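Engineer: Provided below: structure-v3.cif, containing mmCIF, C-alpha atoms.
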data_upload
#
loop_
_atom_site.label_atom_id
_atom_site.label_comp_id
_atom_site.auth_asym_id
_atom_site.auth_seq_id
_atom_site.Cartn_x
_atom_site.Cartn_y
_atom_site.Cartn_z
CA MET O 653 -57.52 -4.72 31.13
CA SER O 654 -60.92 -3.48 30.04
CA THR O 655 -63.04 -4.92 27.24
CA ARG O 656 -63.10 -2.74 24.14
CA SER O 657 -66.23 -3.18 22.05
CA ALA O 658 -66.32 0.03 20.06
CA ALA O 659 -66.11 -0.18 16.30
CA ALA O 660 -67.19 -3.82 16.41
CA PRO O 661 -67.64 -5.53 13.06
CA ASN O 662 -70.69 -7.60 12.21
CA VAL O 663 -69.12 -11.02 12.63
CA ASN O 664 -71.00 -14.32 12.50
CA THR O 665 -69.63 -16.02 15.57
CA SER O 666 -70.42 -19.53 14.30
CA ALA O 667 -69.10 -19.38 10.74
CA THR O 668 -65.41 -19.77 9.95
CA VAL O 669 -64.40 -17.54 7.01
CA PHE O 670 -61.87 -19.80 5.34
CA PRO O 671 -61.08 -17.58 2.30
CA ILE O 672 -59.85 -14.84 4.63
CA LEU O 673 -57.92 -17.29 6.80
CA PHE O 674 -56.20 -18.77 3.75
CA ALA O 675 -55.47 -15.29 2.39
CA ILE O 676 -53.70 -14.10 5.55
CA SER O 677 -51.93 -17.47 5.81
CA ILE O 678 -50.55 -16.99 2.28
CA VAL O 679 -49.39 -13.48 3.18
CA HIS O 680 -47.84 -14.89 6.36
CA LEU O 681 -45.99 -17.39 4.17
CA LEU O 682 -44.73 -14.62 1.89
CA ASN O 683 -43.83 -12.33 4.81
CA ASP O 684 -41.86 -14.97 6.68
CA THR O 685 -40.23 -16.22 3.48
CA MET O 686 -38.86 -12.72 2.95
CA GLN O 687 -37.91 -12.53 6.61
CA SER O 688 -36.17 -15.91 6.42
CA THR O 689 -33.88 -14.56 3.71
CA VAL O 690 -32.03 -12.83 6.56
CA SER O 691 -31.06 -16.02 8.42
CA ALA O 692 -30.65 -17.83 5.08
CA LEU O 693 -27.96 -15.31 4.18
CA PHE O 694 -25.99 -15.82 7.40
CA PRO O 695 -23.42 -18.24 5.92
CA ILE O 696 -22.99 -15.95 2.91
CA LEU O 697 -22.73 -12.74 4.98
CA LYS O 698 -20.31 -14.35 7.44
CA THR O 699 -17.91 -15.07 4.61
CA GLU O 700 -18.60 -11.87 2.64
CA TYR O 701 -18.00 -9.48 5.57
CA ALA O 702 -15.76 -11.73 7.73
CA LEU O 703 -18.28 -11.55 10.58
CA SER O 704 -18.04 -13.11 14.02
CA TYR O 705 -20.89 -15.19 15.46
CA LEU O 706 -21.77 -12.19 17.64
CA GLN O 707 -22.13 -9.94 14.59
CA ILE O 708 -24.32 -12.56 12.95
CA GLY O 709 -26.49 -12.58 16.07
CA LEU O 710 -26.73 -8.78 16.01
CA ILE O 711 -28.30 -8.91 12.54
CA SER O 712 -31.05 -11.12 13.93
CA LEU O 713 -31.30 -8.89 17.00
CA ALA O 714 -31.79 -5.72 14.93
CA MET O 715 -34.70 -7.22 13.01
CA ASN O 716 -36.37 -9.06 15.85
CA VAL O 717 -36.09 -6.46 18.59
CA THR O 718 -37.59 -3.85 16.26
CA ALA O 719 -40.56 -6.15 15.74
CA ALA O 720 -40.70 -7.02 19.44
CA VAL O 721 -40.95 -3.40 20.59
CA LEU O 722 -43.46 -2.28 17.96
CA GLN O 723 -45.85 -5.24 17.87
CA PRO O 724 -47.54 -4.71 21.27
CA LEU O 725 -47.96 -1.02 20.42
CA VAL O 726 -49.54 -1.86 17.07
CA GLY O 727 -51.81 -4.43 18.70
CA TYR O 728 -52.90 -2.05 21.49
CA SER O 729 -53.60 0.68 18.95
CA ALA O 730 -55.68 -1.72 16.86
CA ASP O 731 -57.78 -2.67 19.91
CA LEU O 732 -58.59 1.01 20.41
CA LYS O 733 -59.17 1.79 16.73
CA PRO O 734 -58.81 -0.86 14.02
CA ARG O 735 -56.96 0.35 10.92
CA PRO O 736 -57.53 -2.24 8.16
CA TYR O 737 -55.45 -0.52 5.51
CA ILE O 738 -52.33 -0.58 7.65
CA LEU O 739 -52.04 -4.22 6.49
CA PRO O 740 -50.73 -3.51 2.96
CA ILE O 741 -48.76 -0.49 4.23
CA GLY O 742 -46.79 -2.75 6.59
CA VAL O 743 -45.66 -4.96 3.71
CA CYS O 744 -44.26 -1.86 1.97
CA PHE O 745 -41.66 -1.63 4.77
CA THR O 746 -40.77 -5.26 4.16
CA LEU O 747 -40.38 -4.54 0.44
CA ALA O 748 -37.99 -1.68 1.20
CA GLY O 749 -35.99 -3.91 3.55
CA VAL O 750 -35.71 -6.72 1.00
CA VAL O 751 -34.44 -4.38 -1.71
CA GLY O 752 -32.01 -2.77 0.74
CA LEU O 753 -30.69 -6.13 1.90
CA ALA O 754 -30.05 -7.21 -1.69
CA VAL O 755 -27.93 -4.17 -2.56
CA SER O 756 -26.33 -3.26 0.82
CA PRO O 757 -22.52 -3.04 0.39
CA TYR O 758 -21.80 -2.45 4.10
CA TYR O 759 -22.64 -4.25 7.33
CA VAL O 760 -24.36 -1.19 8.83
CA LEU O 761 -26.70 -0.97 5.83
CA VAL O 762 -27.54 -4.64 6.29
CA LEU O 763 -28.60 -3.77 9.85
CA LEU O 764 -30.80 -0.90 8.60
CA SER O 765 -32.39 -3.11 5.95
CA VAL O 766 -33.31 -5.87 8.38
CA THR O 767 -34.71 -3.21 10.73
CA ALA O 768 -37.13 -2.21 7.95
CA ILE O 769 -38.14 -5.86 7.58
CA GLY O 770 -38.73 -5.91 11.35
CA ILE O 771 -41.07 -2.91 11.07
CA GLY O 772 -43.05 -4.70 8.36
CA SER O 773 -43.43 -7.77 10.55
CA ALA O 774 -44.43 -5.60 13.52
CA VAL O 775 -47.34 -4.17 11.54
CA PHE O 776 -48.32 -7.48 9.95
CA HIS O 777 -48.54 -9.94 12.85
CA PRO O 778 -50.85 -8.38 15.48
CA GLU O 779 -53.35 -6.92 13.00
CA SER O 780 -53.45 -10.11 10.92
CA SER O 781 -53.88 -12.17 14.08
CA ARG O 782 -56.92 -10.03 14.88
CA VAL O 783 -58.28 -10.79 11.41
CA ALA O 784 -57.75 -14.51 12.10
CA TYR O 785 -59.66 -14.14 15.38
CA LEU O 786 -62.56 -12.41 13.61
CA ALA O 787 -62.71 -15.00 10.84
CA ALA O 788 -62.41 -17.98 13.22
CA GLY O 789 -66.03 -18.40 14.29
CA GLN O 790 -65.98 -21.06 17.01
CA ARG O 791 -62.78 -22.71 15.74
CA ARG O 792 -60.15 -20.42 17.18
CA GLY O 793 -57.43 -23.01 17.52
CA LEU O 794 -57.81 -24.10 13.90
CA ALA O 795 -57.97 -20.50 12.67
CA GLN O 796 -54.82 -19.48 14.52
CA SER O 797 -53.03 -22.57 13.21
CA ILE O 798 -54.04 -21.85 9.61
CA PHE O 799 -52.74 -18.31 10.03
CA GLN O 800 -49.47 -19.34 11.66
CA VAL O 801 -48.66 -22.37 9.53
CA GLY O 802 -48.14 -20.04 6.57
CA GLY O 803 -45.43 -18.26 8.52
CA ASN O 804 -43.78 -21.50 9.56
CA ILE O 805 -43.70 -22.77 5.98
CA GLY O 806 -42.25 -19.45 4.87
CA SER O 807 -39.55 -19.68 7.52
CA SER O 808 -38.71 -23.22 6.46
CA LEU O 809 -37.99 -22.05 2.91
CA GLY O 810 -34.96 -20.02 4.05
CA PRO O 811 -32.52 -22.95 4.06
CA ILE O 812 -33.75 -24.07 0.63
CA MET O 813 -33.11 -20.57 -0.67
CA THR O 814 -29.56 -20.72 0.66
CA ALA O 815 -28.87 -24.08 -0.97
CA ALA O 816 -30.60 -23.30 -4.28
CA ILE O 817 -30.00 -19.55 -4.71
CA PHE O 818 -27.66 -17.73 -2.35
CA VAL O 819 -24.79 -20.23 -2.51
CA HIS O 820 -24.71 -19.65 -6.30
CA VAL O 821 -25.96 -16.07 -6.72
CA GLY O 822 -24.96 -14.46 -3.43
CA GLN O 823 -26.54 -11.59 -1.52
CA PHE O 824 -28.10 -9.91 -4.57
CA GLY O 825 -30.37 -12.93 -5.07
CA VAL O 826 -32.63 -11.47 -2.34
CA ILE O 827 -33.89 -8.94 -4.92
CA TRP O 828 -36.18 -11.60 -6.42
CA PHE O 829 -38.24 -11.61 -3.25
CA ALA O 830 -39.44 -8.11 -4.06
CA PHE O 831 -42.03 -9.89 -6.21
CA ALA O 832 -43.21 -11.78 -3.11
CA ALA O 833 -43.66 -8.45 -1.32
CA ILE O 834 -45.71 -7.02 -4.19
CA THR O 835 -47.93 -10.11 -4.21
CA ALA O 836 -48.41 -9.78 -0.44
CA ILE O 837 -49.41 -6.13 -0.80
CA ILE O 838 -52.12 -7.09 -3.32
CA ILE O 839 -53.54 -9.85 -1.09
CA GLN O 840 -53.44 -7.65 2.00
CA THR O 841 -55.45 -5.01 0.16
CA PHE O 842 -58.15 -7.65 -0.43
CA VAL O 843 -58.08 -8.69 3.24
CA ALA O 844 -58.22 -5.04 4.36
CA ARG O 845 -61.37 -4.50 2.29
CA TRP O 846 -63.08 -7.45 3.99
CA TYR O 847 -61.91 -6.26 7.39
CA ASN O 848 -63.11 -2.73 6.70
CA GLY O 849 -66.46 -4.10 5.56
CA GLN O 850 -66.90 -5.81 8.92
CA LEU O 851 -66.20 -2.53 10.70
CA LEU O 852 -68.77 -0.63 8.64
CA ALA O 853 -71.53 -3.26 8.84
CA PRO O 854 -74.42 -2.88 11.36
CA ARG O 855 -73.37 -4.19 14.73
CA GLN O 856 -75.17 -6.76 16.85
CA PRO O 857 -74.36 -7.61 20.48
CA ALA O 858 -72.96 -11.01 19.51
CA ALA O 859 -70.82 -9.36 16.87
CA ARG O 860 -69.43 -6.89 19.37
CA ARG O 861 -68.47 -9.74 21.67
CA ALA O 862 -66.78 -11.58 18.82
CA ARG O 863 -64.83 -8.53 17.75
CA SER O 864 -63.63 -7.65 21.21
CA GLY O 865 -62.94 -11.20 22.26
CA GLU O 866 -65.51 -10.99 25.05
CA SER O 867 -66.55 -14.33 26.52
CA ARG O 868 -69.03 -15.43 29.16
CA GLY O 869 -66.47 -14.49 31.81
CA SER O 870 -63.56 -16.21 33.46
CA SER O 871 -63.85 -17.66 36.96
CA LEU O 872 -60.22 -16.70 37.62
CA THR O 873 -59.12 -13.85 39.86
CA LYS O 874 -56.92 -11.06 38.50
CA GLN O 875 -53.97 -12.53 40.37
CA GLN O 876 -54.54 -15.95 38.79
CA ILE O 877 -54.83 -14.41 35.32
CA THR O 878 -51.62 -12.44 35.86
CA TRP O 879 -49.80 -15.58 37.02
CA ALA O 880 -51.08 -17.53 34.01
CA ILE O 881 -49.85 -14.82 31.63
CA VAL O 882 -46.44 -14.84 33.33
CA ILE O 883 -46.20 -18.61 32.83
CA LEU O 884 -47.19 -18.30 29.17
CA VAL O 885 -44.58 -15.59 28.66
CA PHE O 886 -41.94 -17.80 30.27
CA LEU O 887 -42.90 -20.72 28.03
CA VAL O 888 -42.62 -18.53 24.93
CA VAL O 889 -39.19 -17.31 26.07
CA THR O 890 -37.80 -20.83 26.50
CA LYS O 891 -39.36 -21.99 23.24
CA GLN O 892 -38.02 -19.09 21.20
CA VAL O 893 -34.49 -19.23 22.61
CA TYR O 894 -34.34 -22.91 21.70
CA MET O 895 -35.75 -22.18 18.23
CA ALA O 896 -33.11 -19.44 17.85
CA SER O 897 -30.35 -21.88 18.73
CA ILE O 898 -31.45 -24.16 15.90
CA SER O 899 -32.47 -21.62 13.24
CA SER O 900 -29.33 -19.49 13.66
CA TYR O 901 -26.60 -21.97 14.58
CA TYR O 902 -27.65 -25.54 13.73
CA THR O 903 -26.15 -25.26 10.24
CA PHE O 904 -22.83 -24.05 11.68
CA TYR O 905 -22.95 -26.94 14.18
CA LEU O 906 -23.47 -29.48 11.40
CA ILE O 907 -20.65 -27.98 9.31
CA ASP O 908 -18.27 -27.88 12.29
CA SER O 909 -19.15 -31.27 13.81
CA TYR O 910 -19.84 -33.43 10.75
CA GLY O 911 -18.02 -31.63 7.94
CA VAL O 912 -21.09 -31.24 5.72
CA SER O 913 -21.28 -28.51 3.06
CA VAL O 914 -23.28 -25.31 3.43
CA GLY O 915 -25.92 -26.61 1.03
CA GLU O 916 -26.26 -29.95 2.86
CA SER O 917 -26.53 -28.25 6.25
CA GLN O 918 -29.38 -26.09 4.94
CA LEU O 919 -31.37 -29.20 3.99
CA PHE O 920 -31.19 -30.39 7.61
CA LEU O 921 -32.39 -26.99 8.80
CA PHE O 922 -35.22 -27.08 6.25
CA ALA O 923 -36.34 -30.46 7.63
CA PHE O 924 -36.44 -28.99 11.17
CA LEU O 925 -38.38 -25.90 10.11
CA PHE O 926 -40.80 -27.82 7.90
CA ALA O 927 -41.52 -30.19 10.79
CA ALA O 928 -42.17 -27.10 12.92
CA ALA O 929 -44.70 -25.91 10.32
CA ALA O 930 -46.49 -29.27 10.43
CA GLY O 931 -46.57 -29.11 14.23
CA THR O 932 -48.03 -25.61 14.15
CA PHE O 933 -50.83 -26.69 11.82
CA LEU O 934 -51.80 -29.77 13.84
CA GLY O 935 -51.56 -28.03 17.20
CA GLY O 936 -54.67 -25.89 16.67
CA PRO O 937 -57.13 -28.69 15.80
CA MET O 938 -55.65 -30.83 18.59
CA ALA O 939 -56.26 -28.03 21.10
CA ASP O 940 -59.84 -27.54 19.87
CA ARG O 941 -60.42 -31.23 20.58
CA PHE O 942 -58.22 -32.03 23.60
CA GLY O 943 -57.96 -28.63 25.28
CA ARG O 944 -55.53 -25.71 25.16
CA ARG O 945 -53.73 -26.48 28.41
CA ASN O 946 -53.22 -30.16 27.58
CA VAL O 947 -51.63 -29.43 24.21
CA ILE O 948 -49.40 -26.69 25.65
CA TRP O 949 -48.26 -29.08 28.38
CA PHE O 950 -47.54 -31.89 25.93
CA SER O 951 -45.85 -29.67 23.37
CA ILE O 952 -43.40 -27.79 25.56
CA LEU O 953 -42.30 -30.61 27.86
CA GLY O 954 -42.62 -33.37 25.25
CA THR O 955 -39.78 -31.82 23.27
CA ALA O 956 -37.21 -32.38 26.03
CA PRO O 957 -36.21 -36.02 25.36
CA PHE O 958 -35.42 -35.28 21.72
CA SER O 959 -33.65 -31.96 22.30
CA ILE O 960 -31.44 -33.46 25.02
CA LEU O 961 -30.36 -36.38 22.83
CA LEU O 962 -29.79 -34.27 19.69
CA PRO O 963 -26.17 -33.12 20.40
CA TYR O 964 -25.04 -36.68 21.05
CA GLY O 965 -26.32 -38.44 17.93
CA ASP O 966 -24.54 -39.06 14.65
CA LEU O 967 -25.46 -37.03 11.57
CA PHE O 968 -28.51 -39.15 10.70
CA TRP O 969 -29.94 -39.20 14.21
CA SER O 970 -29.19 -35.52 14.69
CA GLY O 971 -31.50 -34.81 11.77
CA VAL O 972 -34.21 -37.19 13.02
CA LEU O 973 -34.16 -35.78 16.55
CA ALA O 974 -34.23 -32.20 15.23
CA VAL O 975 -37.35 -33.00 13.17
CA LEU O 976 -39.12 -34.56 16.17
CA ALA O 977 -38.16 -31.67 18.45
CA GLY O 978 -39.32 -29.08 15.92
CA PHE O 979 -42.64 -30.85 15.30
CA ILE O 980 -43.60 -31.22 18.96
CA LEU O 981 -42.32 -27.85 20.19
CA SER O 982 -44.04 -25.80 17.49
CA SER O 983 -47.49 -27.22 18.13
CA ALA O 984 -47.75 -24.96 21.18
CA PHE O 985 -47.32 -21.38 19.98
CA SER O 986 -50.64 -20.81 18.21
CA ILE O 987 -52.41 -22.32 21.22
CA ILE O 988 -50.51 -20.12 23.67
CA VAL O 989 -51.78 -17.07 21.75
CA VAL O 990 -55.41 -18.29 21.77
CA TYR O 991 -55.18 -19.26 25.44
CA ALA O 992 -53.86 -15.79 26.33
CA GLN O 993 -56.60 -14.12 24.23
CA GLU O 994 -59.20 -16.00 26.26
CA LEU O 995 -57.50 -14.99 29.51
CA LEU O 996 -57.66 -11.32 28.47
CA PRO O 997 -60.90 -10.90 26.50
CA GLY O 998 -61.18 -7.60 24.67
CA ASN O 999 -57.43 -7.33 24.15
CA VAL O 1000 -56.97 -9.53 21.09
CA GLY O 1001 -54.59 -7.15 19.32
CA LEU O 1002 -52.55 -6.37 22.42
CA VAL O 1003 -52.18 -10.05 23.31
CA SER O 1004 -51.24 -10.97 19.76
CA GLY O 1005 -48.74 -8.13 19.56
CA LEU O 1006 -47.29 -8.99 22.97
CA PHE O 1007 -46.73 -12.66 22.23
CA PHE O 1008 -45.59 -12.24 18.63
CA GLY O 1009 -43.36 -9.38 19.76
CA LEU O 1010 -42.03 -11.47 22.62
CA ALA O 1011 -41.31 -14.32 20.21
CA PHE O 1012 -39.41 -12.00 17.88
CA GLY O 1013 -37.54 -10.28 20.70
CA MET O 1014 -36.48 -13.45 22.48
CA GLY O 1015 -35.47 -15.00 19.19
CA GLY O 1016 -33.27 -12.01 18.37
CA LEU O 1017 -31.83 -11.58 21.86
CA GLY O 1018 -31.25 -15.31 22.19
CA SER O 1019 -29.49 -15.39 18.83
CA ALA O 1020 -27.14 -12.57 19.84
CA LEU O 1021 -26.33 -14.02 23.27
CA LEU O 1022 -25.83 -17.51 21.89
CA GLY O 1023 -23.53 -16.06 19.24
CA LYS O 1024 -21.35 -14.61 21.97
CA VAL O 1025 -21.34 -17.95 23.79
CA ALA O 1026 -20.39 -19.70 20.55
CA ASP O 1027 -17.46 -17.31 20.04
CA LEU O 1028 -16.21 -18.11 23.56
CA GLN O 1029 -17.07 -21.77 24.06
CA GLY O 1030 -17.72 -23.18 20.61
CA ILE O 1031 -20.83 -24.03 18.65
CA SER O 1032 -21.18 -27.53 20.12
CA PHE O 1033 -21.47 -26.07 23.62
CA VAL O 1034 -24.40 -23.92 22.47
CA MET O 1035 -26.26 -27.00 21.22
CA GLU O 1036 -25.61 -28.87 24.47
CA LEU O 1037 -26.62 -25.91 26.64
CA CYS O 1038 -29.90 -25.17 24.84
CA ALA O 1039 -30.91 -28.83 24.75
CA TYR O 1040 -32.24 -28.55 28.32
CA LEU O 1041 -34.42 -25.46 27.79
CA PRO O 1042 -37.61 -27.43 27.00
CA LEU O 1043 -37.43 -29.01 30.49
CA LEU O 1044 -38.51 -25.63 31.87
CA GLY O 1045 -41.88 -26.29 30.22
CA VAL O 1046 -42.84 -28.21 33.37
CA LEU O 1047 -44.35 -24.92 34.58
CA ALA O 1048 -47.22 -25.48 32.12
CA ILE O 1049 -48.78 -27.78 34.70
CA LEU O 1050 -49.56 -24.67 36.78
CA LEU O 1051 -51.80 -23.18 34.08
CA PRO O 1052 -55.53 -23.12 34.94
CA LYS O 1053 -57.76 -25.59 33.12
CA ASP O 1054 -59.64 -24.46 30.03
CA ALA O 1055 -63.04 -24.61 31.72
CA ARG O 1056 -61.96 -22.11 34.38
CA VAL O 1057 -60.58 -19.73 31.75
CA ARG O 1058 -63.97 -19.80 29.99
CA GLY O 1059 -65.91 -19.40 33.23
CA GLN O 1060 -67.31 -22.93 33.14
CA GLY O 1061 -65.75 -24.31 36.26
#
Output the file's structure as structure tokens, nothing else.

Structural biologist:
Amino acid sequence: MSTRSAAAPNVNTSATVFPILFAISIVHLLNDTMQSTVSALFPILKTEYALSYLQIGLISLAMNVTAAVLQPLVGYSADLKPRPYILPIGVCFTLAGVVGLAVSPYYVLVLLSVTAIGIGSAVFHPESSRVAYLAAGQRRGLAQSIFQVGGNIGSSLGPIMTAAIFVHVGQFGVIWFAFAAITAIIIQTFVARWYNGQLLAPRQPAARRARSGESRGSSLTKQQITWAIVILVFLVVTKQVYMASISSYYTFYLIDSYGVSVGESQLFLFAFLFAAAAGTFLGGPMADRFGRRNVIWFSILGTAPFSILLPYGDLFWSGVLAVLAGFILSSAFSIIVVYAQELLPGNVGLVSGLFFGLAFGMGGLGSALLGKVADLQGISFVMELCAYLPLLGVLAILLPKDARVRGQG
């Protein structure tokens, strides 16, 4: 893949622009909060429409596959020609999906509404990840973590919304999140102005390298880079399928196995997702200090002991093990994105779109397939089956060391 340096903004490669990073992190929080209303509604929709686990999975599939297909295309397009003002436009699709989800009287309209939310996410993630890259300076791991932790916190709020709102108000309660979409549109307009200002500013060679993601050059061959990308893709697949098993079906597992209420089960899911947010935030600074490859290796494989034990603990230990698994596993994703960006300099948008899209797609596909398995074999079998997925993270040991990726060894 060639390096694209046209339309390069005047970026100071040493300064980290924290106001912009915090702004896109807040929008990520709002975006993923609205997106999490979909999974938060699953227990309500299952009862309301008498849905099977497969039909529940198809709702997730409709939203996530839409985002998966579109995100690499949006990212590739942004590499060729950045379009700052597409940022607030993307949130408009999310707004339409939220309103539609609140008032949809039929299952098919629910599918159309979540598809609109998927389009909004497809526009938001790759372009905002590019903004995070531009605003990072030399602290790319930290910048990507700041950006992504907003999304993780937003996702963790879904179970709280179920317990506090949807159990009492029902499906129409989603309408209140239209205000979150409007707030996100306002903030994204501010970010787009900054982004556009970088594009219009006089360009220096260092700025062009920062914009395109160009580095001093990798010492890896094309075959080695391709193999490394394949491994990273495989790691994302295993991570996201496991995350889908928890985010979509852990509450049903708790209700079925321990007899807890819907509201109580959502609190356990919140604990898992909040721990995942904490892991995401700490993963970036850890990678800046200890190396990308080391943190990826620790995060993916280090989850296995806790995930394997989770289905066999009592209610208390199930919650504790879920928190530990979520914390360790989620520290890897932001680093995988940065690592891949350094493997493919000049393709920041495409890489971001590919990996965010892959995460969405695998999450949706995994949710649908696991729903079918749950219908056939039971929800406990799904938990036991997915518990071993993190063991596949052993392939991370085959990734090249950071110094070789940066052309320093």

Engineer: Expanded to explicit residues, what is the PyMOL selection byres ((chain O and resi 690) around 9) for this file, as an MDAnalysis selection string?

Structural biologist: chainID O and resid 686:689 691:694 711:712 715 753 766 810

Engineer: Between O:Gly978, O:Leu681, O:Leu1041, O:Trp828, which residue has the minimum interatomic distance to Val755 of chain O, considering all atoms listed in the file?

Structural biologist: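 Closest residue, counting all atoms listed in the file: O:Trp828.
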
Engineer: Rounded to one decimal, what separation in Å do you get between atom CA of Gly971 of chain O and atom CA of Leu906 of chain O?

Structural biologist: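 The value is 9.6 Å.
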
Engineer: Kindly resolve the PyMOL selection byres ((chain O and resi 676) around 8) on the present coordinates and return the residues as a VMD selection string.

Structural biologist: chain O and resid 672 to 675 677 to 680 780 784 799 839 to 840 843

Engineer: So how many Å separate atom CA of Ala844 of chain O and atom CA of Ile741 of chain O, to one decimal?

Structural biologist: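 If I compute the distance from atom CA of Ala844 of chain O to atom CA of Ile741 of chain O, I get 10.5 Å.
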
Engineer: Would you fill the gaps in segment 690-710 of chain O so it has N, CA and C atoms, then print it as a tab-separated table (two decimals), in the coordinates of the input?

Structural biologist:
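Full text of selection-v8.tsv as output:
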chain	number	residue	atom	x	y	z
O	690	VAL	N	-33.07	-13.39	5.69
O	690	VAL	CA	-32.03	-12.83	6.56
O	690	VAL	C	-31.17	-13.95	7.15
O	691	SER	N	-31.83	-14.91	7.84
O	691	SER	CA	-31.06	-16.02	8.42
O	691	SER	C	-30.48	-16.92	7.33
O	692	ALA	N	-31.17	-17.01	6.19
O	692	ALA	CA	-30.65	-17.83	5.08
O	692	ALA	C	-29.34	-17.26	4.54
O	693	LEU	N	-29.17	-15.97	4.67
O	693	LEU	CA	-27.96	-15.31	4.18
O	693	LEU	C	-26.79	-15.39	5.17
O	694	PHE	N	-27.04	-15.84	6.38
O	694	PHE	CA	-25.99	-15.82	7.40
O	694	PHE	C	-24.67	-16.46	6.94
O	695	PRO	N	-24.70	-17.68	6.36
O	695	PRO	CA	-23.42	-18.24	5.92
O	695	PRO	C	-22.73	-17.41	4.85
O	696	ILE	N	-23.56	-16.78	3.97
O	696	ILE	CA	-22.99	-15.95	2.91
O	696	ILE	C	-22.42	-14.66	3.50
O	697	LEU	N	-23.17	-14.01	4.38
O	697	LEU	CA	-22.73	-12.74	4.98
O	697	LEU	C	-21.51	-12.95	5.87
O	698	LYS	N	-21.46	-14.08	6.57
O	698	LYS	CA	-20.31	-14.35	7.44
O	698	LYS	C	-19.02	-14.39	6.64
O	699	THR	N	-19.09	-15.00	5.47
O	699	THR	CA	-17.91	-15.07	4.61
O	699	THR	C	-17.64	-13.74	3.92
O	700	GLU	N	-18.72	-13.11	3.42
O	700	GLU	CA	-18.60	-11.87	2.64
O	700	GLU	C	-17.98	-10.74	3.46
O	701	TYR	N	-18.45	-10.60	4.73
O	701	TYR	CA	-18.00	-9.48	5.57
O	701	TYR	C	-17.05	-9.92	6.68
O	702	ALA	N	-16.65	-11.19	6.68
O	702	ALA	CA	-15.76	-11.73	7.73
O	702	ALA	C	-16.33	-11.45	9.11
O	703	LEU	N	-17.58	-11.86	9.34
O	703	LEU	CA	-18.28	-11.55	10.58
O	703	LEU	C	-18.01	-12.60	11.64
O	704	SER	N	-18.08	-12.18	12.90
O	704	SER	CA	-18.04	-13.11	14.02
O	704	SER	C	-19.44	-13.65	14.26
O	705	TYR	N	-19.56	-14.67	15.11
O	705	TYR	CA	-20.89	-15.19	15.46
O	705	TYR	C	-21.71	-14.12	16.16
O	706	LEU	N	-21.06	-13.27	16.96
O	706	LEU	CA	-21.77	-12.19	17.64
O	706	LEU	C	-22.37	-11.23	16.63
O	707	GLN	N	-21.61	-10.85	15.61
O	707	GLN	CA	-22.13	-9.94	14.59
O	707	GLN	C	-23.28	-10.56	13.80
O	708	ILE	N	-23.21	-11.87	13.58
O	708	ILE	CA	-24.32	-12.56	12.95
O	708	ILE	C	-25.56	-12.46	13.84
O	709	GLY	N	-25.38	-12.68	15.14
O	709	GLY	CA	-26.49	-12.58	16.07
O	709	GLY	C	-27.08	-11.19	16.12
O	710	LEU	N	-26.24	-10.16	15.96
O	710	LEU	CA	-26.73	-8.78	16.01
O	710	LEU	C	-27.63	-8.45	14.82
